[in-house]
Amino acid sequence: MKARRVGFLPRLYAFVYLCINYGLDPISAGAYVMGALGISAGFAGYKFIRCKYEECCDSQWIDLKSSDLEQDFTHNLFGQHLVKANVPKALLRHVLNAQPKKALVMSFHGWTGSGKNHVSQMIAKHLFKKGAESQFHHLYIGTRDFPHEEEVNKYRAQLRKEIEEATQKCDRSLFIFDEVDKIPPGVLDTLKPYIDYHKNLHGVVYRKNIFIFLSNTGGNNITRVALKFWSDGKNREDIALKDVEHIITGGSYNEPGGLRHSEIVRSALIDHYIPFLPLEKKHVKMCAASELRRRGLKTDSATVNRIADQLLYEPADLYSKFGCKKIAHKVDLFGYEEF
């Protein structure tokens, strides 16, 4: 129950009402009104103190600083100019809007290791004071949470229950669905009411929530676009969102996975399709140097090159097959001086 600040006129009305209708003397009526106000103030004070030490759904604990997110992207995200240009902007505009028309829905697409998970965790880190440990951050993994196609109805019912309970607890919740390409078709359609243009559902507002889908779907088509730019002698940074967004949308709807023939896609409820480009060797070297710095190890070119050379690249030795996903393990093996 939320405590409300009671203004002068309501207090005066209550005072007069008690005197006239219940024959209370002014002193007794005043004591009654002030007692009620004291209880209300007590609730407000209790919540204020509690929320200083325990996570609450308020600006003390949920406060996106887009400049910090952008800086994090600059220093720790490599080869993804489209992500840097679009994700912080979309997040900030949604969070600053006190009455958004719908929940923000973003779908991240690209090869394994291109940074989809990395970015989603950065978002949680900068949205919540407790980062990914926040009780308002909800992570679903396709192979863990929705492993059996024959249990779609069970998953839909469970997901519906969890979305509703989470939003009643906090209407600024973050829901991340990883391995969307491995989620049985039909499961994610249960999200439709919660991400559609509804003012509220049974009195609960879902429009402030954020939903992020992570998928390998469309990764090969994104790579073909990047490869075409490279073979034509064009800069990678010249690839625009319009060059790839349509092929991601088509791939999401037609390729196997959680969004195949989905009502969510058909109803245009995904606000932003974000492509993650395949990473070149120079980007892998940046990842390696970043991981070495994080561990306080040497970042000389010989060490960085040795680590980058352990990964597989295709086609034509151009793109890392697994992006930067295996960098941490390669640093374990090849990042120390004895090599």
# chains A, B, ... in the order shown; residues from 1 in each chain; ligands from 1
>>> residues_around(residues="region 178-189 of chain A", least_positions_apart="2", cutoff="9 Å", atoms="only C-alpha atoms", output="ChimeraX atom specification")
/A:116-117,139-143,145-153,155-156,159,176,191-193,212-217,252,255-264
>>> closest_atom_pairs(of="region 111-136 of chain A", to="region 322-338 of chain A", cutoff="7 Å", atoms="only C-alpha atoms", output="CSV")
residue,atom,partner,partner_atom,distance
A:Thr112,CA,A:Phe322,CA,5.4
A:Gly113,CA,A:Gly323,CA,4.1
A:Ser114,CA,A:Gly323,CA,5.0
>>> write_last_selection(atoms="N, CA and C atoms", output="mmCIF file, in the first residue's frame")
data_model
loop_
_atom_site.group_PDB
_atom_site.id
_atom_site.type_symbol
_atom_site.label_atom_id
_atom_site.label_comp_id
_atom_site.auth_asym_id
_atom_site.auth_seq_id
_atom_site.Cartn_x
_atom_site.Cartn_y
_atom_site.Cartn_z
ATOM 1 N N THR A 112 27.186 -16.438 -32.877
ATOM 2 C CA THR A 112 27.656 -16.695 -31.526
ATOM 3 C C THR A 112 28.927 -15.893 -31.248
ATOM 4 N N GLY A 113 28.981 -15.275 -30.081
ATOM 5 C CA GLY A 113 30.184 -14.547 -29.680
ATOM 6 C C GLY A 113 30.301 -13.146 -30.223
ATOM 7 N N SER A 114 29.260 -12.667 -30.897
ATOM 8 C CA SER A 114 29.334 -11.323 -31.480
ATOM 9 C C SER A 114 29.018 -10.224 -30.469
#
>>> residues_around(residues="region 86-90 of chain A", least_positions_apart="5", cutoff="7 Å", atoms="only C-alpha atoms", output="VMD selection string")
chain A and resid 66 69 to 70
>>> residues_around(residues="Lys282 (chain A)", least_positions_apart="6", cutoff="10 Å", atoms="only C-alpha atoms", output="MDAnalysis selection string")
chainID A and resid 78:79 288 305 308 318:320
>>> write_last_selection(atoms="N, CA and C atoms", output="PDB file, in the first residue's frame")
ATOM      1  N   PHE A  78      33.259  -4.180 -29.202  1.00  0.00           N
ATOM      2  CA  PHE A  78      34.096  -3.949 -30.373  1.00  0.00           C
ATOM      3  C   PHE A  78      33.414  -4.420 -31.655  1.00  0.00           C
ATOM      4  N   GLY A  79      33.541  -3.594 -32.706  1.00  0.00           N
ATOM      5  CA  GLY A  79      33.054  -3.971 -34.022  1.00  0.00           C
ATOM      6  C   GLY A  79      31.555  -3.877 -34.210  1.00  0.00           C
ATOM      7  N   ALA A 288      40.807  -9.526 -26.825  1.00  0.00           N
ATOM      8  CA  ALA A 288      41.910 -10.158 -26.096  1.00  0.00           C
ATOM      9  C   ALA A 288      42.635  -9.144 -25.219  1.00  0.00           C
ATOM     10  N   ASN A 305      48.415 -11.166 -30.310  1.00  0.00           N
ATOM     11  CA  ASN A 305      48.395 -11.927 -31.563  1.00  0.00           C
ATOM     12  C   ASN A 305      48.361 -13.432 -31.307  1.00  0.00           C
ATOM     13  N   ALA A 308      44.779 -14.301 -30.386  1.00  0.00           N
ATOM     14  CA  ALA A 308      43.874 -14.171 -31.537  1.00  0.00           C
ATOM     15  C   ALA A 308      44.098 -15.283 -32.556  1.00  0.00           C
ATOM     16  N   LEU A 318      38.518 -14.406 -42.555  1.00  0.00           N
ATOM     17  CA  LEU A 318      38.081 -13.029 -42.312  1.00  0.00           C
ATOM     18  C   LEU A 318      37.363 -12.844 -40.984  1.00  0.00           C
ATOM     19  N   TYR A 319      36.350 -13.672 -40.696  1.00  0.00           N
ATOM     20  CA  TYR A 319      35.521 -13.489 -39.506  1.00  0.00           C
ATOM     21  C   TYR A 319      35.728 -14.622 -38.503  1.00  0.00           C
ATOM     22  N   SER A 320      35.774 -14.262 -37.242  1.00  0.00           N
ATOM     23  CA  SER A 320      35.914 -15.256 -36.181  1.00  0.00           C
ATOM     24  C   SER A 320      34.634 -16.085 -36.094  1.00  0.00           C
TER      25      SER A 320
END
>>> residues_around(residues="Cys57 (chain A)", least_positions_apart="4", cutoff="7 Å", atoms="only C-alpha atoms", output="MDAnalysis selection string")
chainID A and resid 61:62 170
>>> residues_around(residues="Glu245 (chain A)", least_positions_apart="3", cutoff="10 Å", atoms="only C-alpha atoms", output="MDAnalysis selection string")
chainID A and resid 109 218 222 240:242 248:251 272:275
>>> write_last_selection(atoms="all heavy atoms", output="mmCIF file, in the first residue's frame")
data_model
loop_
_atom_site.group_PDB
_atom_site.id
_atom_site.type_symbol
_atom_site.label_atom_id
_atom_site.label_comp_id
_atom_site.auth_asym_id
_atom_site.auth_seq_id
_atom_site.Cartn_x
_atom_site.Cartn_y
_atom_site.Cartn_z
ATOM 1 N N HIS A 109 20.376 -9.935 -32.979
ATOM 2 C CA HIS A 109 20.642 -11.054 -33.888
ATOM 3 C C HIS A 109 22.089 -11.056 -34.355
ATOM 4 O O HIS A 109 22.661 -9.998 -34.636
ATOM 5 C CB HIS A 109 19.721 -10.974 -35.112
ATOM 6 C CG HIS A 109 18.273 -11.108 -34.774
ATOM 7 N ND1 HIS A 109 17.564 -12.282 -34.940
ATOM 8 C CD2 HIS A 109 17.389 -10.220 -34.253
ATOM 9 C CE1 HIS A 109 16.318 -12.109 -34.550
ATOM 10 N NE2 HIS A 109 16.188 -10.856 -34.124
ATOM 11 N N GLY A 218 19.308 -15.314 -38.382
ATOM 12 C CA GLY A 218 19.688 -14.210 -39.263
ATOM 13 C C GLY A 218 21.176 -13.947 -39.279
ATOM 14 O O GLY A 218 21.644 -13.095 -40.046
ATOM 15 N N ILE A 222 23.288 -11.726 -42.018
ATOM 16 C CA ILE A 222 24.024 -10.526 -41.605
ATOM 17 C C ILE A 222 25.472 -10.617 -42.082
ATOM 18 O O ILE A 222 26.050 -9.642 -42.581
ATOM 19 C CB ILE A 222 23.969 -10.358 -40.073
ATOM 20 C CG1 ILE A 222 22.531 -10.066 -39.617
ATOM 21 C CG2 ILE A 222 24.893 -9.234 -39.616
ATOM 22 C CD1 ILE A 222 22.336 -10.142 -38.117
ATOM 23 N N ALA A 240 24.391 0.298 -42.809
ATOM 24 C CA ALA A 240 23.325 0.988 -42.078
ATOM 25 C C ALA A 240 22.274 -0.011 -41.605
ATOM 26 O O ALA A 240 22.184 -1.131 -42.126
ATOM 27 C CB ALA A 240 22.684 2.054 -42.966
ATOM 28 N N LEU A 241 21.485 0.413 -40.647
ATOM 29 C CA LEU A 241 20.437 -0.463 -40.110
ATOM 30 C C LEU A 241 19.493 -0.929 -41.209
ATOM 31 O O LEU A 241 19.068 -2.091 -41.236
ATOM 32 C CB LEU A 241 19.670 0.275 -39.012
ATOM 33 C CG LEU A 241 18.815 -0.564 -38.067
ATOM 34 C CD1 LEU A 241 19.649 -1.617 -37.347
ATOM 35 C CD2 LEU A 241 18.112 0.331 -37.067
ATOM 36 N N LYS A 242 19.184 -0.049 -42.155
ATOM 37 C CA LYS A 242 18.252 -0.399 -43.228
ATOM 38 C C LYS A 242 18.806 -1.483 -44.152
ATOM 39 O O LYS A 242 18.042 -2.157 -44.850
ATOM 40 C CB LYS A 242 17.906 0.844 -44.042
ATOM 41 C CG LYS A 242 19.085 1.434 -44.802
ATOM 42 C CD LYS A 242 18.681 2.657 -45.609
ATOM 43 C CE LYS A 242 19.871 3.210 -46.398
ATOM 44 N NZ LYS A 242 19.508 4.408 -47.182
ATOM 45 N N ILE A 248 16.676 -9.498 -41.157
ATOM 46 C CA ILE A 248 16.511 -10.042 -39.811
ATOM 47 C C ILE A 248 15.042 -10.329 -39.540
ATOM 48 O O ILE A 248 14.681 -11.384 -39.010
ATOM 49 C CB ILE A 248 17.053 -9.065 -38.748
ATOM 50 C CG1 ILE A 248 18.549 -8.845 -38.926
ATOM 51 C CG2 ILE A 248 16.782 -9.607 -37.347
ATOM 52 C CD1 ILE A 248 19.118 -7.807 -37.979
ATOM 53 N N THR A 249 14.193 -9.392 -39.920
ATOM 54 C CA THR A 249 12.753 -9.571 -39.711
ATOM 55 C C THR A 249 12.257 -10.812 -40.426
ATOM 56 O O THR A 249 11.541 -11.647 -39.852
ATOM 57 C CB THR A 249 11.982 -8.338 -40.220
ATOM 58 O OG1 THR A 249 12.529 -7.155 -39.647
ATOM 59 C CG2 THR A 249 10.507 -8.440 -39.869
ATOM 60 N N GLY A 250 12.652 -10.956 -41.693
ATOM 61 C CA GLY A 250 12.234 -12.123 -42.467
ATOM 62 C C GLY A 250 12.780 -13.411 -41.886
ATOM 63 O O GLY A 250 12.069 -14.423 -41.800
ATOM 64 N N GLY A 251 14.046 -13.374 -41.464
ATOM 65 C CA GLY A 251 14.646 -14.563 -40.880
ATOM 66 C C GLY A 251 13.982 -14.969 -39.584
ATOM 67 O O GLY A 251 13.760 -16.153 -39.321
ATOM 68 N N HIS A 272 12.735 -2.795 -32.215
ATOM 69 C CA HIS A 272 14.062 -2.622 -32.824
ATOM 70 C C HIS A 272 14.716 -3.980 -33.069
ATOM 71 O O HIS A 272 14.894 -4.761 -32.122
ATOM 72 C CB HIS A 272 14.974 -1.783 -31.916
ATOM 73 C CG HIS A 272 14.405 -0.456 -31.538
ATOM 74 N ND1 HIS A 272 14.370 0.621 -32.411
ATOM 75 C CD2 HIS A 272 13.825 -0.031 -30.380
ATOM 76 C CE1 HIS A 272 13.810 1.644 -31.798
ATOM 77 N NE2 HIS A 272 13.470 1.278 -30.575
ATOM 78 N N TYR A 273 15.066 -4.238 -34.320
ATOM 79 C CA TYR A 273 15.887 -5.399 -34.658
ATOM 80 C C TYR A 273 17.327 -4.904 -34.744
ATOM 81 O O TYR A 273 17.658 -4.067 -35.585
ATOM 82 C CB TYR A 273 15.466 -6.000 -35.994
ATOM 83 C CG TYR A 273 14.122 -6.704 -35.968
ATOM 84 C CD1 TYR A 273 12.943 -6.016 -36.256
ATOM 85 C CD2 TYR A 273 14.041 -8.062 -35.664
ATOM 86 C CE1 TYR A 273 11.715 -6.664 -36.234
ATOM 87 C CE2 TYR A 273 12.814 -8.712 -35.642
ATOM 88 C CZ TYR A 273 11.660 -8.007 -35.926
ATOM 89 O OH TYR A 273 10.440 -8.655 -35.913
ATOM 90 N N ILE A 274 18.178 -5.421 -33.872
ATOM 91 C CA ILE A 274 19.557 -4.940 -33.789
ATOM 92 C C ILE A 274 20.515 -6.007 -34.314
ATOM 93 O O ILE A 274 20.631 -7.083 -33.715
ATOM 94 C CB ILE A 274 19.942 -4.575 -32.344
ATOM 95 C CG1 ILE A 274 18.926 -3.579 -31.752
ATOM 96 C CG2 ILE A 274 21.352 -4.016 -32.299
ATOM 97 C CD1 ILE A 274 18.898 -2.229 -32.425
ATOM 98 N N PRO A 275 21.218 -5.725 -35.436
ATOM 99 C CA PRO A 275 22.172 -6.700 -35.970
ATOM 100 C C PRO A 275 23.528 -6.604 -35.284
ATOM 101 O O PRO A 275 24.048 -5.511 -35.053
ATOM 102 C CB PRO A 275 22.274 -6.291 -37.439
ATOM 103 C CG PRO A 275 22.009 -4.822 -37.439
ATOM 104 C CD PRO A 275 21.066 -4.546 -36.298
#
>>> select_by_dssp(residues="region 94-169 of chain A", states="helix (DSSP H, G or I)", output="PyMOL selection string")
chain A and resi 94-96+116-127+131-133+142-145+149-169
>>> closest_residue(among="A:Lys129, A:Lys154, A:His138, A:His118", to="Asn76 (chain A)", atoms="only C-alpha atoms")
A:His118
>>> closest_residue(among="A:Arg293, A:Asp58, A:Phe177, A:His202", to="Arg144 (chain A)", atoms="only C-alpha atoms")
A:Phe177
>>> closest_residue(among="A:His137, A:Val105, A:Asn209, A:Ala166", to="Lys125 (chain A)", atoms="only C-alpha atoms")
A:His137
>>> closest_residue(among="A:Arg207, A:Arg236, A:Arg306, A:Lys321", to="Ala98 (chain A)", atoms="only C-alpha atoms")
A:Arg207
>>> decode(residues="region 227-279 of chain A", atoms="C-alpha atoms", output="mmCIF file, in the first residue's frame")
data_model
loop_
_atom_site.group_PDB
_atom_site.id
_atom_site.type_symbol
_atom_site.label_atom_id
_atom_site.label_comp_id
_atom_site.auth_asym_id
_atom_site.auth_seq_id
_atom_site.Cartn_x
_atom_site.Cartn_y
_atom_site.Cartn_z
ATOM 1 C CA LEU A 227 31.031 -9.794 -46.634
ATOM 2 C CA LYS A 228 29.455 -8.002 -49.620
ATOM 3 C CA PHE A 229 30.535 -4.621 -48.244
ATOM 4 C CA TRP A 230 34.054 -5.979 -47.695
ATOM 5 C CA SER A 231 34.316 -7.491 -51.178
ATOM 6 C CA ASP A 232 33.041 -4.221 -52.713
ATOM 7 C CA GLY A 233 35.779 -2.318 -50.873
ATOM 8 C CA LYS A 234 33.311 -0.469 -48.646
ATOM 9 C CA ASN A 235 33.910 0.333 -45.002
ATOM 10 C CA ARG A 236 32.230 -1.904 -42.461
ATOM 11 C CA GLU A 237 31.005 1.219 -40.660
ATOM 12 C CA ASP A 238 29.041 2.189 -43.790
ATOM 13 C CA ILE A 239 26.593 -0.649 -43.148
ATOM 14 C CA ALA A 240 23.325 0.988 -42.078
ATOM 15 C CA LEU A 241 20.437 -0.463 -40.110
ATOM 16 C CA LYS A 242 18.252 -0.399 -43.228
ATOM 17 C CA ASP A 243 20.746 -2.686 -45.009
ATOM 18 C CA VAL A 244 20.089 -5.561 -42.608
ATOM 19 C CA GLU A 245 16.881 -4.926 -40.649
ATOM 20 C CA HIS A 246 14.586 -6.386 -43.311
ATOM 21 C CA ILE A 247 16.553 -9.622 -43.599
ATOM 22 C CA ILE A 248 16.511 -10.042 -39.811
ATOM 23 C CA THR A 249 12.753 -9.571 -39.711
ATOM 24 C CA GLY A 250 12.234 -12.123 -42.467
ATOM 25 C CA GLY A 251 14.646 -14.563 -40.880
ATOM 26 C CA SER A 252 13.000 -14.286 -37.473
ATOM 27 C CA TYR A 253 9.607 -15.091 -38.926
ATOM 28 C CA ASN A 254 10.642 -17.879 -41.297
ATOM 29 C CA GLU A 255 13.652 -19.610 -39.753
ATOM 30 C CA PRO A 256 13.229 -22.267 -37.028
ATOM 31 C CA GLY A 257 13.042 -20.866 -33.510
ATOM 32 C CA GLY A 258 10.893 -19.089 -30.977
ATOM 33 C CA LEU A 259 9.795 -16.317 -33.351
ATOM 34 C CA ARG A 260 8.925 -18.587 -36.287
ATOM 35 C CA HIS A 261 5.459 -17.589 -37.613
ATOM 36 C CA SER A 262 5.075 -15.612 -34.395
ATOM 37 C CA GLU A 263 2.190 -13.281 -33.698
ATOM 38 C CA ILE A 264 4.731 -10.952 -32.105
ATOM 39 C CA VAL A 265 6.555 -10.512 -35.431
ATOM 40 C CA ARG A 266 3.386 -10.495 -37.526
ATOM 41 C CA SER A 267 1.892 -7.755 -35.354
ATOM 42 C CA ALA A 268 5.074 -5.648 -35.559
ATOM 43 C CA LEU A 269 5.517 -5.595 -31.767
ATOM 44 C CA ILE A 270 9.316 -5.813 -31.884
ATOM 45 C CA ASP A 271 10.427 -2.200 -31.849
ATOM 46 C CA HIS A 272 14.062 -2.622 -32.824
ATOM 47 C CA TYR A 273 15.887 -5.399 -34.658
ATOM 48 C CA ILE A 274 19.557 -4.940 -33.789
ATOM 49 C CA PRO A 275 22.172 -6.700 -35.970
ATOM 50 C CA PHE A 276 25.463 -7.842 -34.457
ATOM 51 C CA LEU A 277 28.048 -8.001 -37.230
ATOM 52 C CA PRO A 278 30.587 -10.835 -37.440
ATOM 53 C CA LEU A 279 33.871 -9.934 -35.774
#
